[in-house]
$ cat work-v9.cif   # mmCIF, C-alpha atoms
data_upload
loop_
_atom_site.label_atom_id
_atom_site.label_comp_id
_atom_site.auth_asym_id
_atom_site.auth_seq_id
_atom_site.Cartn_x
_atom_site.Cartn_y
_atom_site.Cartn_z
CA ARG J 1 109.19 93.16 94.15
CA LEU J 2 110.22 95.29 97.05
CA GLY J 3 108.48 93.95 100.09
CA VAL J 4 108.70 94.75 103.77
CA GLY J 5 111.73 92.70 104.72
CA GLY J 6 114.97 94.22 106.11
CA GLU J 7 113.64 97.79 105.92
CA LEU J 8 111.31 97.85 103.00
CA GLY J 9 113.04 94.96 101.32
CA ASN J 10 111.80 91.85 99.67
CA GLY J 11 109.79 89.23 101.39
CA ALA J 12 110.88 86.46 99.07
CA ALA J 13 107.69 86.74 97.08
CA GLY J 14 108.37 85.87 93.47
CA VAL J 15 107.43 89.27 92.11
CA GLY J 16 110.26 90.19 89.78
CA VAL J 17 111.33 93.67 88.78
CA ALA J 18 111.41 94.18 85.06
CA GLY J 19 114.19 96.26 83.54
CA ARG J 20 116.93 98.45 85.03
CA PRO J 21 117.25 96.46 88.30
CA HIS J 22 120.44 98.23 89.39
CA GLU J 23 118.95 101.69 88.82
CA ARG J 24 115.80 100.77 90.71
CA GLY J 25 117.82 99.14 93.45
CA ARG J 26 119.79 102.34 93.96
CA ARG J 27 116.61 104.42 93.97
CA ALA J 28 114.93 102.10 96.47
CA HIS J 29 118.02 102.07 98.69
CA GLN J 30 118.13 105.88 98.68
CA LEU J 31 114.46 105.96 99.71
CA ARG J 32 115.13 103.49 102.52
CA GLN J 33 117.89 105.70 103.86
CA GLU J 34 115.64 108.79 103.74
CA LEU J 35 112.83 107.00 105.54
CA HIS J 36 115.22 105.55 108.12
CA SER J 37 116.60 108.99 108.92
CA SER J 38 113.08 110.30 109.60
CA GLY J 39 112.72 108.18 112.74
CA PRO J 40 112.20 104.59 113.93
CA SER J 41 110.56 102.51 111.22
CA THR J 42 107.51 100.35 111.78
CA HIS J 43 109.63 97.35 110.88
CA ARG J 44 112.35 98.26 113.35
CA ARG J 45 109.75 98.47 116.14
CA ALA J 46 108.60 94.96 115.22
CA GLN J 47 112.21 93.77 115.08
CA GLN J 48 112.76 94.94 118.64
CA ARG J 49 110.07 92.50 119.79
CA LEU J 50 112.11 89.63 118.30
CA VAL J 51 115.25 90.52 120.28
CA PRO J 52 114.37 88.58 123.48
CA LEU J 53 113.38 85.56 121.36
CA VAL J 54 116.75 85.59 119.60
CA GLU J 55 118.58 85.90 122.92
CA ALA J 56 116.53 83.07 124.43
CA ALA J 57 117.27 80.81 121.44
CA VAL J 58 121.01 81.42 121.79
CA ALA J 59 120.83 80.72 125.53
CA ASP J 60 119.04 77.44 124.85
CA LEU J 61 121.64 76.38 122.28
CA CYS J 62 124.58 77.28 124.55
CA PRO J 63 124.15 75.98 128.10
CA ASP J 64 126.51 76.94 130.92
CA SER J 65 129.08 74.28 130.09
CA ALA J 66 131.50 73.73 127.24
CA ALA J 67 130.16 70.20 126.69
CA GLY J 68 126.85 71.49 125.36
CA VAL J 69 128.08 74.25 123.04
CA PRO J 70 128.11 73.37 119.30
CA ARG J 71 131.48 73.68 117.57
CA SER J 72 129.90 75.71 114.78
CA ILE J 73 126.59 77.57 114.74
CA GLY J 74 124.59 78.50 111.65
CA ILE J 75 122.38 81.61 111.73
CA ALA J 76 120.23 82.69 108.77
CA ASP J 77 118.27 85.86 108.06
CA LEU J 78 115.55 84.91 105.58
CA GLY J 79 114.39 87.91 103.55
CA CYS J 80 117.23 90.16 104.72
CA SER J 81 116.70 93.02 102.19
CA SER J 82 119.36 95.72 101.92
CA GLY J 83 118.20 98.47 104.26
CA PRO J 84 119.79 99.81 107.46
CA ASN J 85 118.12 97.09 109.57
CA THR J 86 119.49 94.18 107.53
CA LEU J 87 122.11 93.00 110.04
CA PHE J 88 120.28 94.01 113.21
CA LEU J 89 118.93 90.65 114.35
CA VAL J 90 121.95 88.58 113.33
CA SER J 91 124.03 91.12 115.29
CA VAL J 92 121.80 90.45 118.30
CA ALA J 93 122.39 86.70 117.90
CA VAL J 94 126.18 87.01 117.58
CA ASP J 95 126.38 89.41 120.54
CA ALA J 96 124.24 87.12 122.68
CA LEU J 97 126.48 84.19 121.78
CA ARG J 98 129.61 86.15 122.67
CA HIS J 99 128.25 87.25 126.05
CA ARG J 100 126.88 83.79 126.81
CA CYS J 101 130.20 82.07 126.13
CA ALA J 102 132.18 84.73 128.02
CA ALA J 103 129.96 84.35 131.09
CA ALA J 104 130.35 80.56 130.99
CA GLY J 105 134.11 80.81 130.45
CA VAL J 106 133.99 78.75 127.25
CA ALA J 107 135.41 79.46 123.81
CA ARG J 108 132.98 80.95 121.35
CA PRO J 109 132.19 78.59 118.46
CA GLU J 110 132.53 79.55 114.84
CA VAL J 111 129.46 81.34 113.54
CA ARG J 112 128.16 81.04 109.98
CA VAL J 113 125.84 83.92 109.07
CA PHE J 114 123.70 83.47 105.96
CA LEU J 115 121.90 86.45 104.45
CA ASN J 116 119.08 85.35 102.18
CA ASP J 117 116.90 87.26 99.76
CA LEU J 118 115.80 87.03 96.13
CA PRO J 119 118.59 87.24 93.54
CA ASP J 120 117.72 90.81 92.51
CA ASN J 121 118.17 92.09 96.07
CA ASP J 122 120.92 94.70 96.37
CA PHE J 123 123.51 92.35 97.89
CA ASN J 124 126.30 94.81 97.06
CA THR J 125 124.83 97.20 99.61
CA VAL J 126 124.37 94.36 102.08
CA PHE J 127 128.00 93.32 101.87
CA ARG J 128 129.21 96.89 102.27
CA HIS J 129 127.70 96.73 105.78
CA VAL J 130 129.57 93.52 106.65
CA PRO J 131 132.95 95.07 107.69
CA GLY J 132 131.13 97.32 110.18
CA PHE J 133 129.16 94.31 111.41
CA LEU J 134 132.37 92.34 111.99
CA GLN J 135 133.94 95.33 113.73
CA GLN J 136 130.91 95.57 116.01
CA THR J 137 131.15 91.88 116.87
CA GLY J 138 134.85 92.21 117.62
CA GLU J 139 135.85 90.24 114.53
CA PRO J 140 137.42 92.71 112.06
CA ASP J 141 140.31 90.52 110.89
CA ALA J 142 140.45 87.89 108.19
CA GLY J 143 141.03 85.16 110.78
CA ASN J 144 137.80 85.79 112.64
CA SER J 145 135.29 83.22 113.86
CA VAL J 146 132.28 84.90 112.23
CA PHE J 147 131.78 84.10 108.54
CA VAL J 148 129.16 85.88 106.42
CA PHE J 149 127.64 84.42 103.24
CA GLY J 150 125.01 85.51 100.75
CA ALA J 151 122.25 83.01 99.98
CA PRO J 152 120.17 84.23 97.03
CA GLY J 153 116.91 82.47 96.31
CA SER J 154 113.29 82.17 97.42
CA PHE J 155 112.77 80.85 100.93
CA PHE J 156 109.72 78.98 99.65
CA GLY J 157 112.07 76.08 98.98
CA ARG J 158 115.41 74.65 100.10
CA LEU J 159 118.33 77.08 100.51
CA PHE J 160 120.84 75.24 102.70
CA PRO J 161 122.24 71.73 103.23
CA GLU J 162 120.48 69.47 105.69
CA GLY J 163 121.07 70.20 109.37
CA ASN J 164 123.01 73.38 108.60
CA LEU J 165 121.18 75.96 110.74
CA HIS J 166 120.74 76.44 114.47
CA VAL J 167 118.77 79.70 114.34
CA ALA J 168 116.70 80.86 111.36
CA ILE J 169 115.12 84.32 111.50
CA SER J 170 112.51 85.81 109.19
CA SER J 171 111.50 89.37 109.97
CA PHE J 172 108.50 90.96 108.26
CA SER J 173 108.62 88.78 105.15
CA LEU J 174 106.30 85.79 105.49
CA HIS J 175 103.13 87.74 104.65
CA TRP J 176 104.48 87.99 101.08
CA LEU J 177 103.36 85.09 98.89
CA SER J 178 105.23 83.25 96.17
CA GLN J 179 102.57 84.42 93.69
CA VAL J 180 99.13 85.95 93.33
CA PRO J 181 96.54 83.15 93.60
CA GLN J 182 96.13 81.49 90.22
CA GLU J 183 92.38 82.05 90.21
CA LEU J 184 93.00 85.80 89.99
CA THR J 185 95.74 85.67 87.36
CA THR J 186 93.59 83.53 85.05
CA GLY J 187 90.54 85.76 85.49
CA GLU J 188 88.49 83.02 87.14
CA LEU J 189 88.05 85.44 90.04
CA VAL J 190 88.01 89.25 90.01
CA ASN J 191 88.99 91.13 93.16
CA ARG J 192 86.78 94.18 92.80
CA GLY J 193 87.49 97.01 95.21
CA SER J 194 90.85 95.80 96.46
CA ILE J 195 94.30 94.66 95.35
CA CYS J 196 94.71 91.92 97.97
CA ALA J 197 92.49 89.99 100.36
CA GLY J 198 90.59 92.81 102.08
CA ARG J 199 87.28 93.99 103.44
CA LYS J 200 85.81 94.51 99.99
CA SER J 201 87.00 91.15 98.64
CA SER J 202 84.55 88.34 98.02
CA SER J 203 84.72 85.22 100.17
CA ALA J 204 86.04 83.30 97.15
CA VAL J 205 88.94 85.74 96.72
CA ILE J 206 89.76 85.64 100.43
CA GLU J 207 89.71 81.83 100.37
CA ALA J 208 91.99 81.78 97.32
CA TYR J 209 94.51 84.02 99.09
CA ALA J 210 94.26 81.92 102.26
CA ARG J 211 94.93 78.71 100.32
CA GLN J 212 97.97 80.25 98.61
CA SER J 213 99.26 81.48 101.96
CA GLY J 214 98.77 78.05 103.48
CA ARG J 215 100.64 76.32 100.65
CA ASP J 216 103.52 78.79 100.83
CA PHE J 217 103.86 78.76 104.61
CA THR J 218 103.75 74.97 104.65
CA LEU J 219 106.50 74.80 102.02
CA PHE J 220 108.53 77.30 104.03
CA LEU J 221 108.24 75.13 107.16
CA GLU J 222 109.00 71.90 105.28
CA SER J 223 112.13 73.46 103.80
CA ARG J 224 113.36 74.82 107.13
CA ALA J 225 112.63 71.47 108.78
CA LYS J 226 115.34 69.93 106.61
CA GLU J 227 117.82 72.72 107.27
CA VAL J 228 117.39 73.43 111.01
CA VAL J 229 119.05 70.99 113.42
CA ALA J 230 117.01 69.07 115.97
CA GLY J 231 116.28 71.44 118.82
CA GLY J 232 117.14 74.45 116.66
CA TRP J 233 115.00 77.57 116.41
CA LEU J 234 112.88 79.33 113.81
CA LEU J 235 111.92 82.87 114.83
CA ALA J 236 109.61 84.98 112.70
CA SER J 237 107.54 88.13 112.54
CA LEU J 238 104.94 88.84 109.90
CA LYS J 239 102.13 91.25 109.19
CA GLY J 240 98.75 89.83 110.10
CA ARG J 241 95.26 90.66 111.29
CA SER J 242 93.57 90.39 114.65
CA ALA J 243 90.58 88.18 113.76
CA ARG J 244 89.66 85.47 111.29
CA ASP J 245 86.78 87.56 109.94
CA MET J 246 88.01 90.13 107.41
CA SER J 247 84.80 92.13 107.30
CA SER J 248 86.07 94.64 109.86
CA GLU J 249 89.70 94.78 108.77
CA GLY J 250 92.02 93.96 105.92
CA CYS J 251 94.03 96.08 103.53
CA ALA J 252 91.93 99.25 103.87
CA ILE J 253 94.98 101.31 102.93
CA ASN J 254 95.10 99.45 99.60
CA GLU J 255 91.43 99.65 98.68
CA PRO J 256 91.33 103.20 97.24
CA HIS J 257 94.06 102.33 94.77
CA ARG J 258 91.52 100.07 93.09
CA HIS J 259 88.05 101.42 93.79
CA PRO J 260 86.87 103.57 90.85
CA GLN J 261 84.42 105.66 92.86
CA HIS J 262 87.01 106.74 95.43
CA HIS J 263 88.66 110.04 94.62
CA GLY J 264 91.90 108.61 96.05
CA CYS J 265 92.02 106.03 93.27
CA PRO J 266 94.69 106.51 90.58
CA GLY J 267 92.12 105.40 88.02
CA SER J 268 89.92 108.41 88.83
CA PHE J 269 92.85 110.70 87.97
CA GLY J 270 93.34 108.92 84.67
CA LEU J 271 96.66 107.60 85.89
CA VAL J 272 96.02 104.04 84.71
CA ASP J 273 93.69 102.15 82.43
CA ALA J 274 90.61 101.03 84.40
CA ALA J 275 90.59 97.52 82.91
CA ARG J 276 94.24 96.97 83.77
CA LEU J 277 93.61 98.35 87.23
CA GLU J 278 90.87 95.77 87.76
CA SER J 279 93.33 92.95 87.02
CA TYR J 280 96.06 94.24 89.33
CA ASN J 281 96.62 92.26 92.55
CA ILE J 282 99.58 91.92 94.88
CA PRO J 283 100.93 88.69 96.40
CA ILE J 284 100.38 89.47 100.05
CA TYR J 285 98.15 87.94 102.73
CA ASP J 286 97.75 88.93 106.39
CA PRO J 287 96.84 85.78 108.34
CA CYS J 288 95.23 85.76 111.76
CA ALA J 289 96.98 84.03 114.64
CA GLU J 290 94.67 81.00 114.44
CA GLU J 291 95.61 80.41 110.81
CA VAL J 292 99.32 80.53 111.65
CA ARG J 293 98.94 78.10 114.54
CA GLU J 294 96.88 75.70 112.43
CA ILE J 295 99.48 75.61 109.64
CA VAL J 296 102.37 75.06 112.09
CA ALA J 297 100.46 72.24 113.81
CA ALA J 298 99.42 70.59 110.54
CA GLU J 299 102.97 70.64 109.11
CA GLY J 300 104.23 69.15 112.37
CA SER J 301 108.01 69.68 112.23
CA PHE J 302 108.11 72.56 114.71
CA GLU J 303 106.75 73.10 118.21
CA MET J 304 105.06 76.46 118.72
CA VAL J 305 106.91 77.59 121.86
CA GLY J 306 105.37 81.05 121.88
CA MET J 307 103.35 83.48 119.81
CA GLU J 308 102.41 87.08 120.43
CA SER J 309 100.30 89.51 118.40
CA PHE J 310 100.35 93.29 118.75
CA GLU J 311 99.77 96.52 116.87
CA VAL J 312 102.70 98.67 115.81
CA PRO J 313 101.85 102.39 115.60
CA ALA J 314 101.82 103.68 112.04
CA CYS J 315 104.30 106.27 110.89
CA ASN J 316 103.05 109.63 109.58
CA PRO J 317 101.09 109.59 106.28
CA VAL J 318 103.84 111.28 104.26
CA ALA J 319 106.47 108.76 105.36
CA PHE J 320 104.07 105.84 104.84
CA ALA J 321 103.22 107.07 101.34
CA GLY J 322 106.94 106.77 100.63
CA VAL J 323 106.85 103.22 101.95
CA ILE J 324 103.93 102.44 99.65
CA ARG J 325 105.90 103.76 96.69
CA ALA J 326 108.94 101.67 97.57
CA VAL J 327 106.76 98.57 97.93
CA TYR J 328 104.51 99.07 94.92
CA GLU J 329 106.55 100.93 92.31
CA PRO J 330 108.35 97.93 90.76
CA MET J 331 105.12 95.91 90.64
CA LEU J 332 103.08 98.82 89.29
CA GLU J 333 105.61 99.60 86.57
CA ARG J 334 105.75 95.98 85.53
CA HIS J 335 101.94 95.67 85.37
CA PHE J 336 101.11 99.08 83.86
CA GLU J 337 104.44 99.69 82.07
CA ALA J 338 104.57 103.45 81.33
CA GLY J 339 100.92 103.97 82.17
CA ILE J 340 101.29 105.39 85.68
CA ASP J 341 102.76 108.60 87.06
CA MET J 342 104.44 107.60 90.34
CA GLU J 343 104.73 111.19 91.60
CA GLN J 344 100.99 111.61 91.24
CA PHE J 345 100.50 108.17 92.77
CA VAL J 346 102.40 109.23 95.90
CA ARG J 347 100.38 112.46 96.19
CA VAL J 348 97.16 110.45 95.95
CA ALA J 349 98.43 108.04 98.60
CA GLU J 350 99.36 110.88 100.96
CA GLU J 351 95.91 112.46 100.59
CA HIS J 352 94.19 109.12 101.16
CA LEU J 353 96.26 108.24 104.23
CA ASP J 354 95.67 111.70 105.70
CA ARG J 355 91.92 111.23 105.14
CA LEU J 356 92.04 107.83 106.89
CA ARG J 357 93.90 109.44 109.80
CA LYS J 358 91.21 112.12 110.19
CA GLU J 359 88.49 109.47 110.03
CA GLY J 360 90.23 107.46 112.73
CA SER J 361 90.75 104.42 110.48
CA TYR J 362 94.46 104.98 109.85
CA LYS J 363 95.81 102.46 112.30
CA GLY J 364 99.14 100.76 112.73
CA LEU J 365 100.15 97.39 111.39
CA PHE J 366 99.06 94.25 113.22
CA VAL J 367 102.05 91.96 113.71
CA HIS J 368 102.55 88.37 114.81
CA ILE J 369 105.85 87.18 116.25
CA MET J 370 106.54 83.52 116.93
CA SER J 371 109.17 81.23 118.36
CA LEU J 372 109.26 77.72 116.87
CA ARG J 373 111.56 74.89 117.99
CA ARG J 374 112.51 72.06 115.66
CA ARG J 375 111.06 68.88 117.09
CA ILE J 376 113.73 66.41 118.23
CA CYS J 377 111.73 63.18 118.12
CA ASP J 378 110.49 63.85 114.60
CA VAL J 379 114.05 64.39 113.40
CA LEU J 380 115.54 61.39 115.19
CA ASN J 381 112.85 59.11 113.83
CA SER J 382 113.20 60.24 110.21
CA ASP J 383 116.26 60.89 108.09
CA TYR J 384 118.31 62.49 110.82
CA SER J 385 120.33 60.11 112.98
CA ARG J 386 120.99 60.29 116.70
CA ARG J 387 124.69 60.51 115.85
CA ASP J 388 124.03 63.65 113.77
CA TYR J 389 122.11 65.22 116.63
CA HIS J 390 124.89 64.74 119.15
CA ARG J 391 127.50 65.89 116.63
CA HIS J 392 125.74 69.25 116.28
CA PHE J 393 125.44 69.72 120.03
CA SER J 394 128.88 68.52 121.16
#
$ encode --input "work-v9.cif" --output "structure tokens"
Amino acid sequence: RLGVGGELGNGAAGVGVAGRPHERGRRAHQLRQELHSSGPSTHRRAQQRLVPLVEAAVADLCPDSAAGVPRSIGIADLGCSSGPNTLFLVSVAVDALRHRCAAAGVARPEVRVFLNDLPDNDFNTVFRHVPGFLQQTGEPDAGNSVFVFGAPGSFFGRLFPEGNLHVAISSFSLHWLSQVPQELTTGELVNRGSICAGRKSSSAVIEAYARQSGRDFTLFLESRAKEVVAGGWLLASLKGRSARDMSSEGCAINEPHRHPQHHGCPGSFGLVDAARLESYNIPIYDPCAEEVREIVAAEGSFEMVGMESFEVPACNPVAFAGVIRAVYEPMLERHFEAGIDMEQFVRVAEEHLDRLRKEGSYKGLFVHIMSLRRRICDVLNSDYSRRDYHRHFS
């Protein structure tokens, strides 16, 4: 269930890890640290693009007068994981708030920081980073104005009380789904040649993944609409694709792990049973920008203030093979039990990625980042009173 949140962390997809969660958590954390030490991660590059959006959101919430600054500000990282990047964006938000208030000559409000991920995330590691985070923000003592909380649970549903958040951030998590589309788990559809919605997938499989993604993203927005104050911000990055048509792109990196004729496929090495390989799919979908915009508009609670799409250069094949292992190992072990040799799997992945690089098809990840603002009129006209609005911003 390791996704590509905080560093490699979970994306709040409901893909549980069977057995020995603490042992696997330690092994995954060690791998994260090794990958982090090898250079800037793909995810960290994408995170950097969110920094100006976070700073702009804080500036909007805290105008140049004490009258407009909330008494208490709630900031949430949704899908925080437990890697070295976990506290990066909330640190940016707290620092921006401190500098903003200092420049305006007003007292900094209390800040509530919520770190969310699935319950089997390594929160012990997360909380070990908190003292350093508080030291960095100038709040090392018990009587500080920055308070950090864990919030375990799936973000495809409610996590916080109504009107509790001013800034919600989700970095590299929303491409993970709550589940594999039901049509594939029941056998109604078979995704031959791929393990997600990709170039080799049938139109029916792609549509099933798109529907599941639409349902999940809509539920995510509906849940945040209850939790984010009127005028508050939802900032997100997610893996995507550049065009609606998948025929020229998709999860090409994943295809050889399924395709029986490809010598990069674990099945061709006898690593896994072919029938079980055919039934293996992962809960991930890379939407195009048009799909994201359509879902945001249809749900209606947030205004799309800005959206940008770009390609992040891929890391070297050896490092990325390690990423693939961290992402897939828990899911593979759950699906195939003892039927797969992960060391051999990683060697196969390295060879395949190196071959893609030589062919010129080993490209970086396509990423969408977006800035959404909670609509004020929608909130004031529903179950959120004008008195509540002014209380949060006075």
$ closest_residue --input "work-v9.cif" --among "J:Leu97, J:Ala107, J:Leu118, J:Val90" --to "Gly157 in chain J" --atoms "all atoms listed in the file"
J:Leu118
$ resolve_selection --input "work-v9.cif" --expression "the PyMOL selection byres ((chain J and resi 89) around 12)" --output "VMD selection string"
chain J and resid 6 43 to 44 46 to 55 75 to 78 80 84 to 88 90 to 96 113 115 133 167 to 171 235 to 237
$ write_last_selection --input "work-v9.cif" --atoms "C-alpha atoms" --output "mmCIF file, keeping the file's coordinate frame"
data_model
loop_
_atom_site.group_PDB
_atom_site.id
_atom_site.type_symbol
_atom_site.label_atom_id
_atom_site.label_comp_id
_atom_site.auth_asym_id
_atom_site.auth_seq_id
_atom_site.Cartn_x
_atom_site.Cartn_y
_atom_site.Cartn_z
ATOM 1 C CA GLY J 6 114.970 94.220 106.110
ATOM 2 C CA HIS J 43 109.630 97.350 110.880
ATOM 3 C CA ARG J 44 112.350 98.260 113.350
ATOM 4 C CA ALA J 46 108.600 94.960 115.220
ATOM 5 C CA GLN J 47 112.210 93.770 115.080
ATOM 6 C CA GLN J 48 112.760 94.940 118.640
ATOM 7 C CA ARG J 49 110.070 92.500 119.790
ATOM 8 C CA LEU J 50 112.110 89.630 118.300
ATOM 9 C CA VAL J 51 115.250 90.520 120.280
ATOM 10 C CA PRO J 52 114.370 88.580 123.480
ATOM 11 C CA LEU J 53 113.380 85.560 121.360
ATOM 12 C CA VAL J 54 116.750 85.590 119.600
ATOM 13 C CA GLU J 55 118.580 85.900 122.920
ATOM 14 C CA ILE J 75 122.380 81.610 111.730
ATOM 15 C CA ALA J 76 120.230 82.690 108.770
ATOM 16 C CA ASP J 77 118.270 85.860 108.060
ATOM 17 C CA LEU J 78 115.550 84.910 105.580
ATOM 18 C CA CYS J 80 117.230 90.160 104.720
ATOM 19 C CA PRO J 84 119.790 99.810 107.460
ATOM 20 C CA ASN J 85 118.120 97.090 109.570
ATOM 21 C CA THR J 86 119.490 94.180 107.530
ATOM 22 C CA LEU J 87 122.110 93.000 110.040
ATOM 23 C CA PHE J 88 120.280 94.010 113.210
ATOM 24 C CA VAL J 90 121.950 88.580 113.330
ATOM 25 C CA SER J 91 124.030 91.120 115.290
ATOM 26 C CA VAL J 92 121.800 90.450 118.300
ATOM 27 C CA ALA J 93 122.390 86.700 117.900
ATOM 28 C CA VAL J 94 126.180 87.010 117.580
ATOM 29 C CA ASP J 95 126.380 89.410 120.540
ATOM 30 C CA ALA J 96 124.240 87.120 122.680
ATOM 31 C CA VAL J 113 125.840 83.920 109.070
ATOM 32 C CA LEU J 115 121.900 86.450 104.450
ATOM 33 C CA PHE J 133 129.160 94.310 111.410
ATOM 34 C CA VAL J 167 118.770 79.700 114.340
ATOM 35 C CA ALA J 168 116.700 80.860 111.360
ATOM 36 C CA ILE J 169 115.120 84.320 111.500
ATOM 37 C CA SER J 170 112.510 85.810 109.190
ATOM 38 C CA SER J 171 111.500 89.370 109.970
ATOM 39 C CA LEU J 235 111.920 82.870 114.830
ATOM 40 C CA ALA J 236 109.610 84.980 112.700
ATOM 41 C CA SER J 237 107.540 88.130 112.540
#
$ resolve_selection --input "work-v9.cif" --expression "the PyMOL selection byres ((chain J and resi 291) around 10)" --output "list of chain:residue names"
J:Ala210, J:Ser213, J:Gly214, J:Gly240, J:Ala243, J:Arg244, J:Asp286, J:Pro287, J:Cys288, J:Ala289, J:Glu290, J:Val292, J:Arg293, J:Glu294, J:Ile295, J:Val296, J:Ala297
$ write_last_selection --input "work-v9.cif" --atoms "C-alpha atoms" --output "PDB file, keeping the file's coordinate frame"
ATOM      1  CA  ALA J 210      94.260  81.920 102.260  1.00  0.00           C
ATOM      2  CA  SER J 213      99.260  81.480 101.960  1.00  0.00           C
ATOM      3  CA  GLY J 214      98.770  78.050 103.480  1.00  0.00           C
ATOM      4  CA  GLY J 240      98.750  89.830 110.100  1.00  0.00           C
ATOM      5  CA  ALA J 243      90.580  88.180 113.760  1.00  0.00           C
ATOM      6  CA  ARG J 244      89.660  85.470 111.290  1.00  0.00           C
ATOM      7  CA  ASP J 286      97.750  88.930 106.390  1.00  0.00           C
ATOM      8  CA  PRO J 287      96.840  85.780 108.340  1.00  0.00           C
ATOM      9  CA  CYS J 288      95.230  85.760 111.760  1.00  0.00           C
ATOM     10  CA  ALA J 289      96.980  84.030 114.640  1.00  0.00           C
ATOM     11  CA  GLU J 290      94.670  81.000 114.440  1.00  0.00           C
ATOM     12  CA  VAL J 292      99.320  80.530 111.650  1.00  0.00           C
ATOM     13  CA  ARG J 293      98.940  78.100 114.540  1.00  0.00           C
ATOM     14  CA  GLU J 294      96.880  75.700 112.430  1.00  0.00           C
ATOM     15  CA  ILE J 295      99.480  75.610 109.640  1.00  0.00           C
ATOM     16  CA  VAL J 296     102.370  75.060 112.090  1.00  0.00           C
ATOM     17  CA  ALA J 297     100.460  72.240 113.810  1.00  0.00           C
TER      18      ALA J 297
END
$ resolve_selection --input "work-v9.cif" --expression "the PyMOL selection byres ((chain J and resi 281) around 9)" --output "list in words"
Val180, Leu184, Thr185, Asn191, Ser194, Ile195, Cys196, Leu277, Glu278, Ser279, Tyr280, Ile282, Pro283 and Ile284 of chain J
$ residues_around --input "work-v9.cif" --residues "Pro119 in chain J" --least-positions-apart "4" --cutoff "9 Å" --atoms "all atoms listed in the file" --output "MDAnalysis selection string"
chainID J and resid 123 151:154
$ write_last_selection --input "work-v9.cif" --atoms "C-alpha atoms" --output "PDB file, keeping the file's coordinate frame"
ATOM      1  CA  PHE J 123     123.510  92.350  97.890  1.00  0.00           C
ATOM      2  CA  ALA J 151     122.250  83.010  99.980  1.00  0.00           C
ATOM      3  CA  PRO J 152     120.170  84.230  97.030  1.00  0.00           C
ATOM      4  CA  GLY J 153     116.910  82.470  96.310  1.00  0.00           C
ATOM      5  CA  SER J 154     113.290  82.170  97.420  1.00  0.00           C
TER       6      SER J 154
END
$ residues_near_point --input "work-v9.cif" --point "(122.6, 80.3, 122.8)" --cutoff "10 Å" --atoms "only C-alpha atoms" --output "PyMOL selection string"
chain J and resi 54-64+69-70+73+93-94+96-101+166-167
$ closest_residue --input "work-v9.cif" --among "J:Glu359, J:Glu299, J:Glu333, J:Asp117" --to "Phe155 in chain J" --atoms "all atoms listed in the file"
J:Asp117
$ atom_distance --input "work-v9.cif" --atom1 "CA of Glu188 in chain J" --atom2 "CA of Phe220 in chain J"
26.8 Å
$ atom_distance --input "work-v9.cif" --atom1 "CA of Met370 in chain J" --atom2 "CA of Met307 in chain J"
4.3 Å
$ atom_distance --input "work-v9.cif" --atom1 "CA of Phe310 in chain J" --atom2 "CA of Phe172 in chain J"
13.5 Å
$ closest_residue --input "work-v9.cif" --among "J:Leu189, J:Leu159, J:Leu365, J:Ala103" --to "Ser309 in chain J" --atoms "all atoms listed in the file"
J:Leu365
$ residues_around --input "work-v9.cif" --residues "Val228 in chain J" --least-positions-apart "6" --cutoff "10 Å" --atoms "all atoms listed in the file" --output "JSON, numbers by chain"
{"J": [74, 75, 76, 160, 161, 162, 163, 164, 165, 166, 167, 168, 234, 373, 374, 375, 379]}
$ residues_around --input "work-v9.cif" --residues "Arg211 in chain J" --least-positions-apart "5" --cutoff "9 Å" --atoms "all atoms listed in the file" --output "PyMOL selection string"
chain J and resi 181+206+216
$ closest_residue --input "work-v9.cif" --among "J:Glu308, J:Asp120, J:Glu183, J:Glu110" --to "Val148 in chain J" --atoms "all atoms listed in the file"
J:Glu110
